[in-house]
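Engineer: Contents of target-v6.txt (compact mmCIF, C-alpha atoms and all ligand atoms) are given next:
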```txt
# COMPACT_ATOMS: atom_id res chain seq x y z
CA MET Z 26 28.59 31.27 75.34
CA GLN Z 27 26.77 29.95 72.30
CA ALA Z 28 26.50 26.21 71.75
CA ARG Z 29 28.24 25.18 68.54
CA CYS Z 30 28.88 21.93 66.76
CA ARG Z 31 30.90 22.19 63.57
CA GLY Z 32 31.57 19.18 61.39
CA THR Z 33 29.35 17.04 63.60
CA THR Z 34 28.74 13.43 62.68
CA ALA Z 35 25.34 13.36 64.37
CA ARG Z 36 22.86 11.28 62.40
CA VAL Z 37 20.34 14.10 62.02
CA GLN Z 38 21.76 17.42 60.91
CA ALA Z 39 20.33 20.83 60.08
CA LEU Z 40 23.41 22.57 58.70
CA LEU Z 41 23.34 26.30 58.12
CA LEU Z 42 25.18 26.57 54.82
CA GLY Z 43 24.87 30.35 54.94
CA SER Z 44 23.82 32.73 57.72
CA GLY Z 45 24.08 36.03 55.84
CA ASP Z 46 21.58 38.40 54.31
CA ALA Z 47 21.08 39.14 50.61
CA PHE Z 48 24.66 40.34 50.01
CA GLY Z 49 26.79 38.45 52.52
CA ILE Z 50 29.56 39.59 54.85
CA PRO Z 51 32.09 41.11 54.29
CA ARG Z 52 30.61 43.71 51.95
CA ALA Z 53 32.98 44.45 49.08
CA GLY Z 54 35.28 47.35 49.93
CA CYS Z 55 33.72 48.08 53.33
CA LEU Z 56 36.02 48.91 56.23
CA CYS Z 57 33.47 48.74 59.06
CA PRO Z 58 34.38 46.63 62.13
CA GLN Z 59 32.12 43.76 61.02
CA CYS Z 60 33.67 43.50 57.55
CA VAL Z 61 37.25 43.97 58.75
CA GLU Z 62 36.74 41.21 61.33
CA ALA Z 63 35.23 38.88 58.72
CA ARG Z 64 38.23 39.35 56.41
CA ALA Z 65 40.70 38.69 59.22
CA ASP Z 66 38.81 35.63 60.49
CA MET Z 67 36.61 33.83 57.96
CA SER Z 68 34.60 32.21 60.74
CA HIS Z 69 32.86 35.60 60.93
CA ALA Z 70 32.17 35.72 57.17
CA ARG Z 71 28.61 35.01 56.09
CA ARG Z 72 27.46 33.49 52.85
CA ARG Z 73 23.88 33.90 51.77
CA SER Z 74 21.07 31.91 53.35
CA GLY Z 75 20.77 28.16 53.02
CA LEU Z 76 19.89 25.23 55.27
CA LEU Z 77 20.76 21.60 54.53
CA LEU Z 78 18.67 18.98 56.32
CA ARG Z 79 20.53 15.70 56.33
CA THR Z 80 20.12 12.17 57.62
CA ALA Z 81 21.50 8.83 56.49
CA GLN Z 82 18.35 8.56 54.32
CA GLY Z 83 18.99 11.70 52.29
CA THR Z 84 18.88 15.49 52.19
CA VAL Z 85 16.56 18.45 51.74
CA LEU Z 86 17.98 21.88 50.90
CA VAL Z 87 16.05 24.97 51.99
CA ASP Z 88 16.90 27.79 49.58
CA ALA Z 89 19.55 27.72 46.85
CA SER Z 90 21.60 30.89 47.18
CA PRO Z 91 24.06 32.11 44.54
CA ASP Z 92 26.76 30.70 46.87
CA ILE Z 93 25.32 27.16 46.82
CA LEU Z 94 28.16 25.30 45.10
CA GLN Z 95 30.81 26.74 47.43
CA GLN Z 96 28.53 26.06 50.38
CA LEU Z 97 28.13 22.39 49.45
CA ASP Z 98 31.84 22.01 48.82
CA ARG Z 99 32.55 23.43 52.25
CA VAL Z 100 30.63 20.54 53.84
CA GLY Z 101 32.15 17.99 51.47
CA LEU Z 102 29.09 17.33 49.31
CA ALA Z 103 28.63 17.15 45.55
CA PRO Z 104 25.57 18.78 43.92
CA GLY Z 105 24.00 15.35 43.44
CA ALA Z 106 23.87 14.88 47.22
CA VAL Z 107 20.91 17.28 47.32
CA ASP Z 108 17.78 15.14 46.90
CA ARG Z 109 15.23 17.93 46.78
CA VAL Z 110 14.98 21.67 47.33
CA VAL Z 111 12.42 23.92 49.01
CA ILE Z 112 12.56 27.59 47.94
CA SER Z 113 11.04 30.08 50.41
CA HIS Z 114 10.60 32.97 47.95
CA ARG Z 115 11.84 34.50 44.75
CA HIS Z 116 14.32 37.04 46.08
CA GLY Z 117 17.65 36.33 44.42
CA ASP Z 118 19.58 35.44 47.57
CA HIS Z 119 17.23 32.47 48.07
CA CYS Z 120 16.84 31.02 44.61
CA LEU Z 121 19.37 32.19 42.02
CA GLY Z 122 21.73 29.29 42.77
CA ILE Z 123 19.20 26.78 41.46
CA ARG Z 124 20.62 26.81 37.93
CA ASP Z 125 24.16 26.04 39.15
CA LEU Z 126 22.86 23.26 41.38
CA ALA Z 127 20.71 21.68 38.68
CA TYR Z 128 23.32 21.98 35.91
CA THR Z 129 26.18 20.45 37.86
CA ARG Z 130 24.26 17.49 39.24
CA ASP Z 131 24.86 14.02 37.83
CA PRO Z 132 22.45 13.71 34.86
CA ALA Z 133 21.80 10.08 35.78
CA LEU Z 134 19.92 11.31 38.85
CA GLY Z 135 17.22 12.90 36.69
CA PRO Z 136 15.57 16.31 37.17
CA LEU Z 137 16.05 17.92 40.58
CA PRO Z 138 12.73 18.19 42.48
CA VAL Z 139 12.21 21.83 43.50
CA HIS Z 140 9.29 22.87 45.72
CA ALA Z 141 8.45 26.49 44.98
CA THR Z 142 5.51 28.90 45.12
CA THR Z 143 3.80 29.66 41.83
CA ASP Z 144 5.42 33.10 41.54
CA THR Z 145 8.88 31.67 42.27
CA GLN Z 146 8.28 29.03 39.59
CA ALA Z 147 7.28 31.73 37.11
CA MET Z 148 10.35 33.85 37.86
CA LEU Z 149 12.80 30.95 37.62
CA THR Z 150 11.16 29.77 34.41
CA ALA Z 151 11.63 33.22 32.88
CA VAL Z 152 15.23 33.62 34.03
CA PHE Z 153 16.49 30.07 33.56
CA ALA Z 154 14.50 28.71 30.62
CA SER Z 155 17.52 26.66 29.55
CA ILE Z 156 17.23 24.30 32.52
CA LEU Z 157 13.55 23.64 31.84
CA ARG Z 158 13.67 22.66 28.18
CA PRO Z 159 11.15 19.80 27.73
CA GLU Z 160 13.69 17.63 25.92
CA ARG Z 161 16.21 17.93 28.76
CA PRO Z 162 14.73 19.32 32.02
CA TYR Z 163 17.34 19.77 34.73
CA LEU Z 164 14.73 20.37 37.39
CA ARG Z 165 11.11 19.55 38.08
CA PHE Z 166 8.83 21.94 39.98
CA GLU Z 167 6.70 20.66 42.85
CA PRO Z 168 4.08 22.61 44.85
CA TRP Z 169 5.00 24.80 47.83
CA GLY Z 170 2.72 27.06 49.82
CA ALA Z 171 1.17 27.67 53.24
CA GLY Z 172 0.12 24.25 54.56
CA THR Z 173 2.09 22.26 51.96
CA ARG Z 174 3.89 19.30 53.53
CA VAL Z 175 7.12 17.85 52.17
CA GLU Z 176 8.29 14.58 53.67
CA HIS Z 177 11.76 13.24 52.91
CA ALA Z 178 14.67 11.56 54.68
CA GLY Z 179 12.94 11.60 58.07
CA PHE Z 180 12.05 15.30 57.90
CA THR Z 181 8.61 16.84 57.53
CA LEU Z 182 8.53 20.43 56.27
CA GLU Z 183 5.24 22.32 56.49
CA GLY Z 184 4.98 25.71 54.86
CA PHE Z 185 3.84 28.82 56.71
CA GLU Z 186 3.25 32.33 55.33
CA THR Z 187 5.77 34.85 56.66
CA HIS Z 188 4.29 38.08 55.25
CA HIS Z 189 7.76 39.30 54.24
CA ASN Z 190 6.77 41.28 51.17
CA ALA Z 191 3.26 42.05 49.98
CA ALA Z 192 4.24 41.68 46.32
CA ILE Z 193 5.60 38.14 46.51
CA GLN Z 194 4.69 34.84 48.11
CA THR Z 195 7.02 33.96 50.98
CA VAL Z 196 6.52 30.58 52.59
CA SER Z 197 9.00 29.26 55.13
CA PRO Z 198 9.21 25.74 56.54
CA CYS Z 199 8.38 24.47 59.99
CA ILE Z 200 10.60 21.39 60.22
CA THR Z 201 9.80 18.31 62.28
CA ALA Z 202 12.30 15.50 62.82
CA GLN Z 203 13.40 13.01 65.45
CA VAL Z 204 16.66 14.19 66.97
CA ASP Z 205 18.30 11.79 69.44
CA GLY Z 206 14.99 9.94 69.74
CA VAL Z 207 12.94 13.07 70.52
CA VAL Z 208 10.52 14.72 68.07
CA ARG Z 209 11.69 18.30 67.52
CA ARG Z 210 10.09 21.26 65.74
CA ILE Z 211 12.15 24.04 64.19
CA ALA Z 212 10.69 27.10 62.45
CA TYR Z 213 13.10 28.51 59.86
CA ALA Z 214 12.06 32.01 58.77
CA THR Z 215 14.93 33.94 57.21
CA ASP Z 216 12.74 36.74 55.85
CA MET Z 217 9.69 37.54 57.94
CA GLY Z 218 7.35 40.45 58.55
CA VAL Z 219 4.61 39.53 60.98
CA VAL Z 220 2.96 36.30 62.10
CA VAL Z 221 -0.32 35.85 60.26
CA PRO Z 222 -3.07 33.83 62.01
CA SER Z 223 -2.61 30.75 59.81
CA ALA Z 224 1.10 30.72 60.65
CA ARG Z 225 0.40 31.08 64.35
CA GLU Z 226 -1.67 27.90 64.18
CA ARG Z 227 1.21 26.02 62.57
CA LEU Z 228 3.92 27.28 64.90
CA GLN Z 229 2.89 25.75 68.19
CA ALA Z 230 5.28 23.89 70.52
CA LEU Z 231 8.43 25.07 68.79
CA ASP Z 232 11.74 23.83 70.14
CA LEU Z 233 13.61 26.41 68.09
CA PHE Z 234 12.67 29.54 66.15
CA VAL Z 235 15.40 30.50 63.67
CA GLY Z 236 14.51 33.97 62.50
CA ASP Z 237 15.34 37.06 60.54
CA GLY Z 238 18.46 38.96 61.64
CA THR Z 239 18.76 41.34 58.69
CA TYR Z 240 18.71 44.51 60.78
CA LEU Z 241 20.09 44.98 64.28
CA GLY Z 242 17.36 46.52 66.43
CA GLY Z 243 14.39 47.94 64.57
CA PRO Z 244 12.65 46.95 61.32
CA GLY Z 245 13.32 47.79 57.69
CA TYR Z 246 12.23 46.78 54.17
CA GLY Z 247 10.08 43.75 55.01
CA HIS Z 248 12.29 42.57 57.86
CA PRO Z 249 11.33 42.91 61.54
CA GLY Z 250 14.79 43.71 62.93
CA THR Z 251 16.31 41.59 65.65
CA ASP Z 252 14.02 43.13 68.28
CA GLY Z 253 10.96 42.22 66.21
CA THR Z 254 12.15 38.70 65.46
CA ILE Z 255 12.84 38.01 69.12
CA ALA Z 256 9.41 39.41 70.06
CA ILE Z 257 7.74 37.16 67.45
CA ALA Z 258 9.58 34.08 68.71
CA ARG Z 259 8.82 34.85 72.35
CA ALA Z 260 5.13 35.44 71.56
CA LEU Z 261 5.02 32.03 69.88
CA GLY Z 262 6.51 30.46 73.00
CA ALA Z 263 9.57 29.05 71.24
CA ARG Z 264 11.90 27.31 73.68
CA LEU Z 265 15.04 28.60 71.93
CA ILE Z 266 15.66 31.51 69.58
CA ALA Z 267 18.40 31.89 66.97
CA LEU Z 268 19.09 34.61 64.41
CA THR Z 269 20.18 33.98 60.83
CA HIS Z 270 20.05 36.01 57.57
CA VAL Z 271 22.33 38.31 59.59
CA GLY Z 272 22.87 41.61 57.85
CA HIS Z 273 25.39 44.39 57.71
CA TRP Z 274 25.24 45.39 61.36
CA GLY Z 275 28.48 47.38 61.21
CA VAL Z 276 29.80 46.10 64.55
CA ASP Z 277 32.20 43.30 65.45
CA ALA Z 278 31.05 40.01 66.98
CA ALA Z 279 31.61 41.12 70.56
CA HIS Z 280 29.46 44.22 70.12
CA ALA Z 281 26.82 42.20 68.24
CA ARG Z 282 26.73 39.71 71.11
CA ALA Z 283 26.31 42.53 73.63
CA ALA Z 284 23.44 44.04 71.61
CA VAL Z 285 21.30 40.89 71.61
CA ALA Z 286 19.70 39.15 74.60
CA ASP Z 287 21.98 36.56 76.23
CA ASP Z 288 19.64 33.64 75.55
CA VAL Z 289 19.44 34.34 71.79
CA VAL Z 290 21.94 32.56 69.53
CA ILE Z 291 23.52 34.53 66.67
CA CYS Z 292 24.12 31.81 64.07
CA ARG Z 293 27.23 31.43 61.97
CA ASP Z 294 27.92 29.58 58.73
CA GLY Z 295 28.40 25.88 59.42
CA ASP Z 296 26.28 25.72 62.56
CA ASP Z 297 24.21 22.59 63.06
CA LEU Z 298 20.84 23.71 64.43
CA CYS Z 299 20.29 20.24 65.90
CA SER Z 300 23.24 20.82 68.21
CA LEU Z 301 21.31 23.71 69.80
CA LEU Z 302 18.53 21.34 70.83
CA ALA Z 303 20.52 19.17 73.21
ZN ZN H 401 16.74 37.11 51.97
ZN ZN H 402 30.94 46.55 56.56
ZN ZN H 403 13.55 38.22 50.83
```
Can you turn what I pasted into structure tokens?
Structural biologist:
Amino acid sequence: MQARCRGTTARVQALLLGSGDAFGIPRAGCLCPQCVEARADMSHARRRSGLLLRTAQGTVLVDASPDILQQLDRVGLAPGAVDRVVISHRHGDHCLGIRDLAYTRDPALGPLPVHATTDTQAMLTAVFASILRPERPYLRFEPWGAGTRVEHAGFTLEGFETHHNAAIQTVSPCITAQVDGVVRRIAYATDMGVVVPSARERLQALDLFVGDGTYLGGPGYGHPGTDGTIAIARALGARLIALTHVGHWGVDAAHARAAVADDVVICRDGDDLCSLLA
């Protein structure tokens, strides 16, 4: 039985706003068991990837998917409740919601700080020039890369290279925070190929590895498959393993559960990762 904590009021939260892959579940028009189940019971539906780190001091959003406004509304937050954003890479499921988020935020709050790699910055600048006009910038880019540290609201995020796609920079956060008085470390790697040596150095003593669940079983298209993700997490010595960025597996939840090792959590939208650490 997976540990779950929905709508928790815990002081430190790491809320999975979306646990799906690039296209979400259900897939339009698909009648496979996974999609049929998700339509019948929305708790099995998956929006695209996003993680909201939240304490009484503020928030950090990791990745702004095209679903971001609905995702925030689902947890009762306005766009202005997001203090800063870290974008892992420039694939659309991780960054194309940034315009909606920046546009709908209270202008009195000023430009939204967005930590992004140089190639993500270039892509967003080309696509969304209107939110970067010098006379009225809706967002402000900040650095993000392997080794970059972002500290906000009691969280420290340190970037590590995930080698997801040779053509683009992909840098995921290792998150450190005090949860119930204990310092915890969570690696959050939605899109990951292999562990490069510099990442291995940064991913010691992990309490939780939240990894790439795009494909059930073997690898494909820059993703390691669930078997590969679990092997990566075990090799790193992570105490707990969870899968997110869950793809179109084509099987219902019971069959998905049976296909993955018992001690590995298959995340769902709305999960609080901190609740897994108890
Ligand atoms: Zn993705
Ligand atoms: Zn389907
Ligand atoms: Zn990607």
Engineer: If we count all atoms listed in the file, what is near region 59-64 of chain Z at a cut-off of 6 Å, once residues fewer than 3 positions away on the same chain are taken out, given as an MDAnalysis selection string?
Structural biologist: chainID Z and resid 51 56 67 69:70 275:277
Engineer: Given a cut-off of 10 Å, what residues near ligand ZN 403 (chain H) show up using only C-alpha atoms and all ligand atoms, put as JSON, numbers by chain?
Structural biologist: {"Z": [46, 47, 113, 114, 115, 116, 117, 118, 119, 189, 190, 193, 194, 195, 215, 216, 217, 237, 239, 246, 247, 248, 270]}
Engineer: So which one's closest to Val175 (chain Z), Z:Leu126, Z:Leu241, Z:Ala267, Z:Ile200? Using only C-alpha atoms, please.
Structural biologist: Z:Ile200
Engineer: What gap, in Å, lies between CA of Arg174 (chain Z) and CA of Ala263 (chain Z)?
Structural biologist: 21.0 Å
Engineer: Rank Z:Pro91, Z:Pro58, Z:Gly83, Z:Pro136 by their smallest atom-to-atom distance to ligand ZN 401 (chain H), using all atoms listed in the file, and report the top residue only.
Structural biologist: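 Between Z:Pro91, Z:Pro58, Z:Gly83, Z:Pro136, the residue approaching ligand ZN 401 (chain H) most closely is Z:Pro91.
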Engineer: Closest to ligand ZN 401 (chain H) among Z:Leu97, Z:Leu134, Z:Ala39, Z:Ala214, using only C-alpha atoms and all ligand atoms?
Structural biologist: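 Checking each of Z:Leu97, Z:Leu134, Z:Ala39, Z:Ala214 against ligand ZN 401 (chain H), counting only C-alpha atoms and all ligand atoms, the winner is Z:Ala214.
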Engineer: With only C-alpha atoms as the counted atoms, please give the residues lying no more than 7 Å from Ala127 (chain Z), apart from itself and same-chain residues fewer than 4 positions off, as a list of chain:residue names.
Structural biologist: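 In the requested form, the answer reads Z:Ile123, Z:Leu137, Z:Tyr163, Z:Leu164.
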Engineer: For ligand ZN 402 (chain H), which residue out of Z:Ala53, Z:Ile211, Z:Leu42, Z:Leu78 is the nearest one, using all atoms listed in the file?
Structural biologist: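 Using all atoms listed in the file, the shortest distance to ligand ZN 402 (chain H) belongs to Z:Ala53.
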Engineer: Report as a PyMOL selection string all protein, DNA and RNA residues lying within 12 Å of Ile257 (chain Z), evaluated on all atoms listed in the file, omitting residues in the same chain fewer than 3 positions from it.
Structural biologist: chain Z and resi 187+212+214+217-221+224-225+228+234-237+248-254+260-263+266-267
Engineer: Closest to ligand ZN 402 (chain H) among Z:His273, Z:Thr80, Z:Val139, Z:Leu121, using all atoms listed in the file?
Structural biologist: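 Smallest separation from ligand ZN 402 (chain H) among the options: Z:His273.
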Engineer: Considering only C-alpha atoms, state which residue in the set Z:Ala303, Z:Leu41, Z:Val100, Z:Val196 is at the smallest distance from His140 (chain Z).
Structural biologist: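 Closest candidate: Z:Val196.
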Engineer: Skip Ser155 (chain Z) itself and residues of its chain fewer than 6 positions away, then list as a VMD selection string all residues within 10 Å of it, counting all atoms listed in the file.
Structural biologist: chain Z and resid 124 128 161 to 163
Engineer: Between CA of Leu301 (chain Z) and CA of Arg73 (chain Z), what is the distance in Å, rounded to a tenth?
Structural biologist: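 So the two atoms, CA of Leu301 (chain Z) and CA of Arg73 (chain Z), lie 20.9 Å apart.
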Engineer: So what do you get for CA of Asp205 (chain Z) versus CA of Asp297 (chain Z), distance-wise?
Structural biologist: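 CA of Asp297 (chain Z) lies at a distance of 13.9 Å from CA of Asp205 (chain Z).
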Engineer: For Leu77 (chain Z), please output as a PyMOL selection string all residues within 6 Å (counting all atoms listed in the file; exclusion window: fewer than 3 positions along the same chain).
Structural biologist: chain Z and resi 39-40+85-86
